[in-house]
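J.: Okay, here's the structure, questions in a sec.
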Amino acid sequence: MRAFIFPGQGSQTVGMGAALAGASRAARDVFDEVDEALGQNLFRLMREGPDDELKLTENAQPAIMAHSIAVLRTMGVRIADVASFVAGHSLGEYSALCAAGSFDLATTAKLLKLRGQAMQQAVPVGEGAMAALLGADLTLAQKIAEAAAQGEVCTVANDNDPSQVVISGQKAAIDRAIAIAKDMGAKRAVPLPVSAPFHCPLMQPAAEAMRDALSYVEVQQPSVPVFANVTAQPETDPDTIRNQLVEQVTGMVRWRESVANMFDAGVGEFVEIGGKVLGAMVKRIAPDAKITSVVTIDDIEALAKEL
């Protein structure tokens with residue numbers, strides 16, 4: 001069995017999609033449709049930068065999704081014919097849902113633009129922070145977060161793999177966590193260059209914005225089950241998917257469990273569409289799984305021979 005997985009924020013780079021658009025009409029059509037839906041020249045920003053503007057949450061989120069869907073459309077396959085499940089890391093869950101037909105491309109782009117803006121506006125710049133705890137599992141990360149909180153918000157945001165967990169919350173609390181992490185058993189703690197504290201209770205205003213936006217959007221049943229970030233379980237019910245996307249804004253990304261559960265369900269190959277960031281995590285979670293990253297035309301042609 002095979003699962004298609006979709007990367008999240010941090011996988012954006014200036015130049016993304018340029019070569020693909022030069023080689024594929026299908027990719028160009030995706031970038032044109034996203035530009036039209038958003039009323040901005042996002043693809044020019046993806047191709048040319050500047051990097052600091054591309055990194056802005058409201059640009060990075062639709063850009064990463066557009067790149068993934070451009071790769072997928074260039075492949076020219078129906079998800080249901082080649083994959084048993086899809087999943088995405090944080091914003092990548094929207095890419096997965098678009099790939100599986102729950103949202104059309106324009107709707108997905110608009111939702112992610114709004115999601116990025118709402119997340120950025122939820123907490124004033126400088127008041128929130130995130131840090132990666134390396135050499136720490138979920139249990140240890142939770143202990144560090146609890147010890148550092150001292151009445152402030154400090155929680156686990158991403159359970160990425162057995163050796164990397166990300167925490168999120170108020171800056172002072174995250175600073176305390178970084179200071180005590182090594183003494184409590186983590187190898188090291190690294191502050192992340194993010195503009196807001198994602199996937200923690202401080203994001204509640206953004207969750208409410210997404211609840212409102214999603215109430216106006218029709219969610220189709222996906223062509224294959226989508227493993228949800230907040231439950232690490234496969235889902236196909238449109239109303240449940242809608243609610244899970246709201247919960248996801250403040251909830252923990254249960255990526256380690258999602259991959260482990262897909263592997264236990266019989267998935268032997270994970271294909272990352274439009275990025276090369278999830279493969280290393282998957283390998284640490286399911287060492288026996290086959291990992292394939294598909295970004296370039298050469299990658300697409302190589303995978304086509306196996307599908």
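So you can find residues: chains in the structure tokens are A, B, ... in the order shown, residues in each start at 1, and ligands are numbered from 1 in order.
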Using only C-alpha atoms, which protein or nucleic acid residues come within 9 Å of stretch 271-286 of chain A? Drop anything in the same chain fewer than 5 positions from it, and give the result as a JSON list (two decimals) with C-alpha atoms, in the first residue's frame.

T.:
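Written out: selection_19.json:
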```
[["chain", "number", "residue", "atom", "x", "y", "z"],
["A", 2, "ARG", "CA", 1.05, 3.56, -0.68],
["A", 3, "ALA", "CA", 0.31, 6.90, 1.00],
["A", 4, "PHE", "CA", 0.81, 10.34, -0.54],
["A", 5, "ILE", "CA", 1.97, 12.90, 2.03],
["A", 6, "PHE", "CA", 2.19, 16.68, 1.75],
["A", 7, "PRO", "CA", 4.69, 19.03, 3.44],
["A", 8, "GLY", "CA", 3.93, 21.97, 5.72],
["A", 10, "GLY", "CA", 9.13, 25.70, 6.23],
["A", 11, "SER", "CA", 9.39, 23.77, 2.96],
["A", 12, "GLN", "CA", 9.09, 26.94, 0.85],
["A", 17, "GLY", "CA", 7.96, 25.51, -9.08],
["A", 64, "ILE", "CA", 3.47, 25.32, -0.60],
["A", 65, "MET", "CA", 0.03, 23.93, -1.40],
["A", 67, "HIS", "CA", 3.57, 23.64, -5.50],
["A", 68, "SER", "CA", 2.38, 20.27, -4.20],
["A", 69, "ILE", "CA", -0.73, 20.29, -6.37],
["A", 70, "ALA", "CA", 1.32, 21.38, -9.42],
["A", 71, "VAL", "CA", 3.57, 18.34, -8.91],
["A", 72, "LEU", "CA", 0.55, 16.08, -8.51],
["A", 89, "HIS", "CA", 1.69, 18.11, 7.95],
["A", 160, "ASN", "CA", 7.03, 15.04, 14.50],
["A", 161, "ASP", "CA", 8.95, 11.83, 15.14],
["A", 162, "PRO", "CA", 10.48, 9.88, 18.07],
["A", 163, "SER", "CA", 13.38, 12.33, 18.35],
["A", 164, "GLN", "CA", 11.89, 15.70, 17.39],
["A", 255, "TRP", "CA", 2.45, 13.34, 12.77],
["A", 256, "ARG", "CA", 4.42, 10.53, 14.45],
["A", 257, "GLU", "CA", 1.22, 8.67, 15.29],
["A", 259, "VAL", "CA", 2.71, 7.76, 10.06],
["A", 260, "ALA", "CA", 2.90, 4.86, 12.54],
["A", 263, "PHE", "CA", 2.39, 1.86, 8.45],
["A", 291, "ILE", "CA", 10.38, 6.89, 1.11],
["A", 292, "THR", "CA", 10.02, 8.70, -2.20],
["A", 293, "SER", "CA", 10.20, 12.50, -2.61],
["A", 294, "VAL", "CA", 8.71, 13.98, -5.77],
["A", 295, "VAL", "CA", 9.64, 17.56, -6.64],
["A", 296, "THR", "CA", 11.20, 17.72, -10.12]]
```

J.: Determine, using only C-alpha atoms, which residues of stretch 91-149 of chain A have any atom at most 8 Å from an atom of stretch 36-52 of chain A, and tabulate each with its shortest atom pair and distance in Å to one decimal place, rows ordered by chain and then rising number, as a tab-separated table.

T.:
```
residue	atom	partner	partner_atom	distance
A:Ala106	CA	A:Ala37	CA	5.3
A:Thr107	CA	A:Ala37	CA	7.8
A:Ala109	CA	A:Leu38	CA	7.0
A:Lys110	CA	A:Leu38	CA	6.2
A:Lys113	CA	A:Leu38	CA	7.7
```

J.: I'd like the contact shell of A:Pro222 - 10 Å cut-off, only C-alpha atoms, skipping same-chain residues fewer than 6 positions apart - returned as a PyMOL selection string.

T.: chain A and resi 79-80+85-86+96-103+235-238+241

J.: Find the distance between atom CA of A:Glu306 and atom CA of A:Ser24 and write it in Å to one decimal.

T.: 20.2 Å

J.: As an exercise, work out the distance from atom CA of A:Met1 to atom CA of A:Ala232 in Å and give it to one decimal place.

T.: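 So the answer is 17.7 Å.
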
J.: Please return as a CSV table (one decimal) with C-alpha atoms, in the first residue's frame: the residues of stretch 34-241 of chain A that backbone DSSP assigns to alpha helix (DSSP H).

T.:
```
chain,number,residue,atom,x,y,z
A,34,VAL,CA,-4.0,30.1,-7.6
A,35,ASP,CA,-2.9,33.6,-8.7
A,36,GLU,CA,-6.4,34.3,-10.1
A,37,ALA,CA,-8.1,32.9,-7.0
A,38,LEU,CA,-6.0,35.1,-4.6
A,42,LEU,CA,2.0,34.5,-5.9
A,43,PHE,CA,3.8,32.5,-8.5
A,44,ARG,CA,6.1,35.4,-9.3
A,45,LEU,CA,6.9,35.6,-5.6
A,46,MET,CA,7.6,31.9,-5.5
A,47,ARG,CA,9.9,32.1,-8.5
A,48,GLU,CA,11.8,35.4,-7.7
A,51,ASP,CA,12.6,35.3,0.6
A,52,ASP,CA,11.3,37.3,3.5
A,53,GLU,CA,8.0,38.0,1.7
A,54,LEU,CA,7.6,34.4,0.6
A,57,THR,CA,2.6,32.9,6.7
A,58,GLU,CA,-0.1,34.2,4.4
A,59,ASN,CA,2.1,33.6,1.3
A,60,ALA,CA,4.0,30.5,2.4
A,61,GLN,CA,0.9,28.5,3.1
A,62,PRO,CA,-0.9,28.8,-0.3
A,63,ALA,CA,2.5,28.7,-2.1
A,64,ILE,CA,3.5,25.3,-0.6
A,65,MET,CA,0.0,23.9,-1.4
A,66,ALA,CA,0.2,25.2,-5.0
A,67,HIS,CA,3.6,23.6,-5.5
A,68,SER,CA,2.4,20.3,-4.2
A,69,ILE,CA,-0.7,20.3,-6.4
A,70,ALA,CA,1.3,21.4,-9.4
A,71,VAL,CA,3.6,18.3,-8.9
A,72,LEU,CA,0.5,16.1,-8.5
A,73,ARG,CA,-1.2,17.4,-11.6
A,74,THR,CA,2.0,17.1,-13.6
A,75,MET,CA,2.0,13.4,-12.6
A,79,ILE,CA,-5.1,9.7,-6.3
A,80,ALA,CA,-7.5,6.8,-5.7
A,81,ASP,CA,-5.7,4.7,-8.4
A,82,VAL,CA,-2.2,5.1,-6.8
A,92,GLY,CA,-0.2,20.1,4.2
A,93,GLU,CA,-3.5,18.6,5.4
A,94,TYR,CA,-5.3,21.2,3.1
A,95,SER,CA,-3.0,20.0,0.2
A,96,ALA,CA,-4.0,16.4,0.9
A,97,LEU,CA,-7.7,17.3,1.0
A,98,CYS,CA,-7.4,19.2,-2.3
A,99,ALA,CA,-5.5,16.2,-3.8
A,105,LEU,CA,-7.9,24.3,-5.9
A,106,ALA,CA,-9.2,27.9,-5.8
A,107,THR,CA,-11.1,27.2,-2.5
A,108,THR,CA,-8.0,25.6,-1.0
A,109,ALA,CA,-5.8,28.6,-1.9
A,110,LYS,CA,-8.3,31.1,-0.4
A,111,LEU,CA,-8.7,29.1,2.8
A,112,LEU,CA,-4.9,28.9,3.2
A,113,LYS,CA,-4.5,32.6,2.6
A,114,LEU,CA,-7.1,33.4,5.2
A,115,ARG,CA,-5.6,30.8,7.6
A,116,GLY,CA,-2.1,32.4,7.2
A,117,GLN,CA,-3.5,35.9,7.8
A,118,ALA,CA,-5.6,34.7,10.8
A,119,MET,CA,-2.7,32.9,12.4
A,120,GLN,CA,-0.4,35.9,12.0
A,121,GLN,CA,-3.0,38.3,13.5
A,122,ALA,CA,-3.9,36.1,16.4
A,138,LEU,CA,6.5,13.3,23.3
A,139,THR,CA,6.5,12.4,27.0
A,140,LEU,CA,9.7,14.3,27.8
A,141,ALA,CA,8.6,17.3,25.7
A,142,GLN,CA,5.4,17.5,27.6
A,143,LYS,CA,7.3,17.4,30.9
A,144,ILE,CA,9.6,20.2,29.7
A,145,ALA,CA,6.6,22.3,28.5
A,146,GLU,CA,4.8,21.9,31.8
A,147,ALA,CA,7.9,22.8,33.8
A,148,ALA,CA,8.4,25.9,31.7
A,149,ALA,CA,4.8,27.2,31.6
A,171,LYS,CA,7.8,33.7,24.3
A,172,ALA,CA,8.9,33.9,28.0
A,173,ALA,CA,7.7,30.3,28.5
A,174,ILE,CA,9.4,29.0,25.4
A,175,ASP,CA,12.6,30.8,26.5
A,176,ARG,CA,12.4,29.0,29.9
A,177,ALA,CA,11.8,25.7,28.1
A,178,ILE,CA,14.9,26.2,26.0
A,179,ALA,CA,16.9,27.0,29.1
A,180,ILE,CA,15.9,23.8,31.0
A,181,ALA,CA,15.5,21.4,28.1
A,204,GLN,CA,-7.9,30.4,19.2
A,205,PRO,CA,-8.8,33.6,17.4
A,206,ALA,CA,-7.5,32.0,14.2
A,207,ALA,CA,-9.5,28.8,14.9
A,208,GLU,CA,-12.7,30.9,15.1
A,209,ALA,CA,-11.8,32.7,11.8
A,210,MET,CA,-11.4,29.2,10.2
A,211,ARG,CA,-14.6,28.0,11.7
A,212,ASP,CA,-16.5,30.9,10.1
A,213,ALA,CA,-14.7,30.5,6.7
A,214,LEU,CA,-15.2,26.7,6.6
A,215,SER,CA,-18.9,27.1,7.4
A,238,PRO,CA,-17.1,15.9,5.3
A,239,ASP,CA,-18.6,17.4,8.5
A,240,THR,CA,-15.9,15.7,10.6
A,241,ILE,CA,-13.2,16.9,8.3
```

J.: Give the strand (DSSP E or B) residues of stretch 112-185 of chain A, as assigned by DSSP on the backbone, as a PyMOL selection string.

T.: chain A and resi 128-134+154-161+164-170

J.: Tell me which protein, DNA and RNA residues are within 6 Å of stretch 183-193 of chain A, counting only C-alpha atoms, leaving out same-chain ones fewer than 2 positions away, and put them as a PyMOL selection string.

T.: chain A and resi 130-136+178+180-181

J.: Could you pull the residues within 9 Å of A:Val156, counting only C-alpha atoms, minus those fewer than 2 positions along the same chain, as number ranges by chain?

T.: A: 138, 141-142, 145, 154, 158-159, 165-169, 199-200, 251-253

J.: How far is it from atom CA of A:Ile300 to atom CA of A:Leu245, in Å with one decimal?

T.: 29.5 Å

J.: From the set A:Val246, A:Leu56, A:Ala26, A:Ala289, which residue has the shortest atom-to-atom contact distance to A:Thr13, counting only C-alpha atoms?

T.: A:Leu56
